[in-house]
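Undergrad: The following block contains the structure, expressed as structure tokens.
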Amino acid sequence: MRRRIKLFLYLCVAFSSATAWGADPVAYKVNFTPSGDGGLDRLLKQTSSLVSLRTRLPPAPFALIGRALADEKQFLTVLHSLGYDDGSTTITIDGMALNDPALLVHLTQLSDATQAQVAIKTRKGPRFRLGTVSITGLPPGFVARIGLRAGQIANAAPILAASAKLTSSLRNAGYAFAQVSPPYATANLARRQLDVSYTVKPGPHVQIGQISFAGLNRTDPAFLCRHINLRPGQPYSDTALQGARNSLLGLGVFSSVTPVPASSASNGQVPIVFHVTEKKRHAVSLSGAYATDTGFSIGTSWEDRNAFRRAETLTLSVAANGLGGTSTTAPGYDLKGVFTKPDYNTREQMLSLSVEGLRQALTAYDRTGIILGASLSRPITQATNLTYGPRFTSERVYQEGVTRSYLLLQFPVSFTWDTANSPLEPTRGHRLALTITPSYPMVGARHSPFVILLGTGSIYIPVEPKAWGVVAVHGVIGSIQGTSQFGVPPDQRFYAGGSGTVRGYTYQTIGPLFSDGKPEGGLAMDAIEFEFRQHVTKAIGVVPFIDAGQASAGSAPFKGTIRVGTGLGLRYYTSIGPIRVDFAVPLNRTPGSGSFALYVGLGEAF
């Protein structure tokens with residue numbers, strides 16, 4: 001009996017010792033033998049828990065073996081996903097197979113200073129190609145285009161995506177309840193082919209039925225029914241539903257919109273309910289910016305998002321500007337009211353009415369005025385837009401000791417083409433705008449009417465994954481035709497210098513100057529800005545930049561003295577956009593410009 005007790009105690013001690021050894025983390029190193037396919041090797045490393053958890057979660061001996069076994073299964077999935085259906089991966093630890101009974105004991109006896117060597121060798125084998133691709137159950141006359149053809153490499157991604165693509169095609173063709181099975185694949189090892197089949201249950205061909213809205217508190221449902229490009233009786237289409245959803249979100253009234261089709265059809269039609277969440281009717285916003293030349297600007301606005309129940313917007317804003325800037329002589333103000341009405345007279349046409357009172361006290365001129373405007377805006381395509389309408393300006397402008405009153409009637413016409421992916425932090429796409437502004441001076445002009453031509457453009461090119469590095473270029477070119485330099489009111493002339501043209505130079509100081517060094521303003525201007533926007537971390541970025549531009553008294557661009565500024569910006573990326581700080585210096589200073597300029601604001605410079 002005593003011998004049995006002694007043996008039991010001995011086994012307990014031995015077991016506890018082995019358990020202690022087994023719980024000690026094992027340091028290890030992972031070595032991949034190249035397979036000959038760089039893309040496969042990268043994907044194996046990216047999906048390997050041996051690699052991703054090596055330093056983050058050091059394993060006990062038993063856990064290391066389990067981690068390696070899990071990777072073997074994962075690697076087989078990776079091989080199959082790239083068409084290597086006959087491939088395999090072998091993992092050894094210190095030259096021992098994972099199923100070797102002696103491996104666990106070996107790992108528990110390693111010293112703390114010893115690293116286990118994990119070797120991963122992949123035999124990819126021949127790459128399989130698609131054989132037959134069959135689809136059963138398609139409606140009569142329906143042509144399936146799923147992007148698969150016999151002979152192409154049997155990658156898993158397009159094979160799996162084909163089910164969703166086929167389902168989407170059917171639902172966009174009126175089969176609202178279509179279902180497509182996951183692909184069924186059969187490997188033919190002798191021919192190195194993968195035969196794939198899909199089974200379709202199309203359901204009935206249906207139309208859009210009654211359209212209703214859930215969640216409305218204030219918005220007129222009859223207006224929404226007219227606004228969306230969706231009518232009962234038209235063929236059912238998921239794409240049409242999403243288009244209607246995006247159109248409703250574009251009104252600015254709703255924070256969320258979800259179209260929900262009925263689960264069954266009635267008389268061949270599917271009722272649609274749009275579940276919406278209205279934004280708060282009223283909103284107050286604050287804004288602020290700083291530049292060494294234009295000083296501080298501080299503003300606030302009040303917005304009524306749904307003034308008369310049909311998504312009309314009334315915005316009242318007030319701003320103080322020119323506080324402490326090197327190109328300002330006194331504080332200024334800007335009081336503005338804007339009323340917008342969507343679907344004015346026709347769907348997607350926006351009416352905008354505005355009234356503005358302002359004062360600017362700049363080195364170039366002092367200006368006090370009232371501006372009344374009305375415009376119609378409508379899309380031409382999804383990315384292009386046309387805006388036109390009259391603008392009436394009554395103002396008093398002081399320049400070089402003389403005060404003049406102007407009464408100016410203008411009719412700006414603007415064409416925009418915008419494919420940028422963000423208003424505040426674009427990383428790809430472009431923005432182009434061309435504005436033609438015929439102008440008729442009714443009072444205060446010494447010469448004939450004139451036309452202002454202005455073109456601006458920006459392009460954004462990502463050069464690193466996830467757009468952590470972006471090349472951004474912005475250009476502007478303008479010309480005034482039909483009159484002389486001083487036949488144009490001072491505030492309508494072109495000036496360069498400052499944010500938007502050439503950073504580093506004091507606002508408006510590039511171009512022709514009076515004898516006292518103050519800006520005259522010209523009839524032509526051109527400028528270009530280059531930036532490289534580089535993320536350092538997810539929240540921090542740096543932006544080196546260089547700008548160049550000129551302005552001239554004549555109406556021909558690209559004449560005058562070119563001025564160049566350069567500098568470095570810092571970015572702090574937030575959920576509402578980047579906070580921008582740009583420091584710039586002029587390389588060939590003009591009279592009136594400082595030795596540097598600082599710009600602070602929300603959003604990129606362009």
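Just remember, in the structure tokens the first chain shown is A, the second B, etc., residues are 1-based per chain, and ligands are 1-based in the order shown.
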Find the residues around segment 151-158 of chain A up to 9 Å (only C-alpha atoms counted), leave out those fewer than 4 positions away in its own chain, and share them as a ChimeraX atom specification.
TA: /A:80-85,127-132,146-147,162,193-194
Undergrad: Just list as a list in words whatever in segment 135-185 of chain A DSSP marks as alpha helix (DSSP H).
TA: Ala156, Ala157, Pro158, Ile159, Leu160, Ala161, Ala162, Ser163, Ala164, Lys165, Leu166, Thr167, Ser168, Ser169, Leu170, Arg171 and Asn172 of chain A
Undergrad: Just how far from atom CA of Phe177 of chain A is atom CA of Arg231 of chain A, in Å to one decimal?
TA: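 Pair atom CA of Arg231 of chain A / atom CA of Phe177 of chain A returns 19.2 Å.
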Undergrad: Please provide as a PyMOL selection string all residues within 12 Å of Thr47 of chain A, with the sequence filter that same-chain residues fewer than 6 positions apart are discarded (counting only C-alpha atoms).
TA: chain A and resi 40-41+53+70-79
Undergrad: Grab the residues selected above and save them as a PDB file, in the first residue's frame with C-alpha atoms.
TA:
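Full text of again35.pdb as output:
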```pdb
ATOM      1  CA  LEU A  40       1.206  32.599 -53.167  1.00  0.00           C
ATOM      2  CA  ASP A  41       4.147  33.071 -50.780  1.00  0.00           C
ATOM      3  CA  LEU A  53       1.128  35.579 -33.306  1.00  0.00           C
ATOM      4  CA  ALA A  70      -4.102  25.014 -37.954  1.00  0.00           C
ATOM      5  CA  ASP A  71      -1.749  26.698 -40.441  1.00  0.00           C
ATOM      6  CA  GLU A  72      -1.451  23.494 -42.467  1.00  0.00           C
ATOM      7  CA  LYS A  73      -5.233  23.480 -42.952  1.00  0.00           C
ATOM      8  CA  GLN A  74      -5.276  27.211 -43.712  1.00  0.00           C
ATOM      9  CA  PHE A  75      -2.481  26.875 -46.264  1.00  0.00           C
ATOM     10  CA  LEU A  76      -4.428  24.158 -48.065  1.00  0.00           C
ATOM     11  CA  THR A  77      -7.335  26.590 -48.412  1.00  0.00           C
ATOM     12  CA  VAL A  78      -4.949  29.240 -49.770  1.00  0.00           C
ATOM     13  CA  LEU A  79      -3.530  26.801 -52.328  1.00  0.00           C
TER      14      LEU A  79
END
```
Undergrad: Quick one: everything within 6 Å of segment 171-174 of chain A, counting only C-alpha atoms, minus sequence neighbours fewer than 4 positions away in the same chain. Send it as number ranges by chain.
TA: A: 205-206, 235-238
Undergrad: From the DSSP assignment of the backbone, select every residue of segment 152-326 of chain A that is strand (DSSP E), and format the answer as a PyMOL selection string.
TA: chain A and resi 179-180+184-188+193-201+207-214+254-261+269-278+282-291+295-304+313-323
Undergrad: Restricting the calculation to only C-alpha atoms: of A:Thr509, A:Gln534, A:Thr419, A:Gln492, which residue gets closest to Val463 of chain A?
TA: A:Gln534
Undergrad: Go through A:Cys225, A:Leu166, A:Leu138, A:Val133 and flag the residue nearest Thr186 of chain A, using only C-alpha atoms for the distances.
TA: A:Val133
Undergrad: Excluding Thr315 of chain A and its own-chain neighbours fewer than 4 positions away, which residues fall within 10 Å of it when counting only C-alpha atoms? Please give them as a VMD selection string.
TA: chain A and resid 282 to 284 301 to 305 336 to 340 354
Undergrad: Include N, CA and C atoms and write out the residues we just selected as a compact mmCIF listing (two decimals), in the first residue's frame.
TA:
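Printed below is out_28.txt as written:
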```
# COMPACT_ATOMS: atom_id res chain seq x y z
N HIS A 282 -33.29 71.22 -37.11
CA HIS A 282 -32.42 72.40 -36.99
C HIS A 282 -31.01 71.98 -36.58
N ALA A 283 -30.04 72.70 -37.08
CA ALA A 283 -28.64 72.42 -36.75
C ALA A 283 -27.88 73.73 -36.65
N VAL A 284 -26.94 73.78 -35.74
CA VAL A 284 -26.05 74.94 -35.57
C VAL A 284 -24.62 74.46 -35.76
N SER A 301 -23.42 79.23 -38.11
CA SER A 301 -24.58 79.18 -39.00
C SER A 301 -25.71 78.40 -38.34
N TRP A 302 -26.92 78.73 -38.75
CA TRP A 302 -28.14 78.05 -38.28
C TRP A 302 -28.84 77.52 -39.51
N GLU A 303 -29.28 76.26 -39.43
CA GLU A 303 -29.86 75.63 -40.61
C GLU A 303 -31.19 74.99 -40.29
N ASP A 304 -32.18 75.25 -41.14
CA ASP A 304 -33.45 74.55 -41.11
C ASP A 304 -33.44 73.60 -42.30
N ARG A 305 -33.38 72.28 -42.01
CA ARG A 305 -33.16 71.29 -43.08
C ARG A 305 -34.44 70.94 -43.84
N LYS A 336 -25.03 86.17 -44.36
CA LYS A 336 -25.56 85.51 -45.55
C LYS A 336 -26.77 84.66 -45.21
N GLY A 337 -27.73 84.67 -46.12
CA GLY A 337 -28.88 83.79 -46.03
C GLY A 337 -29.05 83.06 -47.36
N VAL A 338 -29.24 81.75 -47.30
CA VAL A 338 -29.39 80.94 -48.51
C VAL A 338 -30.60 80.03 -48.35
N PHE A 339 -31.47 80.05 -49.35
CA PHE A 339 -32.63 79.16 -49.38
C PHE A 339 -32.51 78.27 -50.61
N THR A 340 -32.62 76.95 -50.41
CA THR A 340 -32.55 76.01 -51.53
C THR A 340 -33.80 75.16 -51.57
N SER A 354 -30.16 83.61 -52.65
CA SER A 354 -29.22 84.05 -51.61
C SER A 354 -29.21 85.57 -51.51
```
Undergrad: With distances taken over only C-alpha atoms, which residue among A:Leu189, A:Val488, A:Ala551, A:Ile159 lies nearest Phe450 of chain A?
TA: A:Val488
Undergrad: Which residues come within 12 Å of Asp516 of chain A, counting only C-alpha atoms, excluding same-chain residues fewer than 6 positions away, as number ranges by chain?
TA: A: 363-364, 399-401, 591-592
Undergrad: Hey, can you spit out that residue selection with N, CA and C atoms as an mmCIF file, in the first residue's frame?
TA:
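Output contents, as saved in out-v9.cif:
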```cif
data_model
loop_
_atom_site.group_PDB
_atom_site.id
_atom_site.type_symbol
_atom_site.label_atom_id
_atom_site.label_comp_id
_atom_site.auth_asym_id
_atom_site.auth_seq_id
_atom_site.Cartn_x
_atom_site.Cartn_y
_atom_site.Cartn_z
ATOM 1 N N THR A 363 -5.585 95.061 -47.974
ATOM 2 C CA THR A 363 -4.548 95.975 -48.443
ATOM 3 C C THR A 363 -4.845 96.440 -49.861
ATOM 4 N N ALA A 364 -5.402 95.565 -50.686
ATOM 5 C CA ALA A 364 -5.687 95.904 -52.086
ATOM 6 C C ALA A 364 -6.853 96.863 -52.211
ATOM 7 N N GLN A 399 -10.137 102.267 -53.245
ATOM 8 C CA GLN A 399 -8.803 101.821 -53.668
ATOM 9 C C GLN A 399 -7.964 103.043 -54.029
ATOM 10 N N GLU A 400 -6.770 103.114 -53.468
ATOM 11 C CA GLU A 400 -5.812 104.186 -53.765
ATOM 12 C C GLU A 400 -6.416 105.586 -53.607
ATOM 13 N N GLY A 401 -7.132 105.780 -52.475
ATOM 14 C CA GLY A 401 -7.647 107.099 -52.135
ATOM 15 C C GLY A 401 -8.928 107.485 -52.832
ATOM 16 N N PRO A 591 7.059 92.855 -52.921
ATOM 17 C CA PRO A 591 6.793 93.901 -51.944
ATOM 18 C C PRO A 591 5.463 93.629 -51.233
ATOM 19 N N GLY A 592 5.475 93.727 -49.941
ATOM 20 C CA GLY A 592 4.254 93.498 -49.181
ATOM 21 C C GLY A 592 4.100 92.098 -48.646
#
```
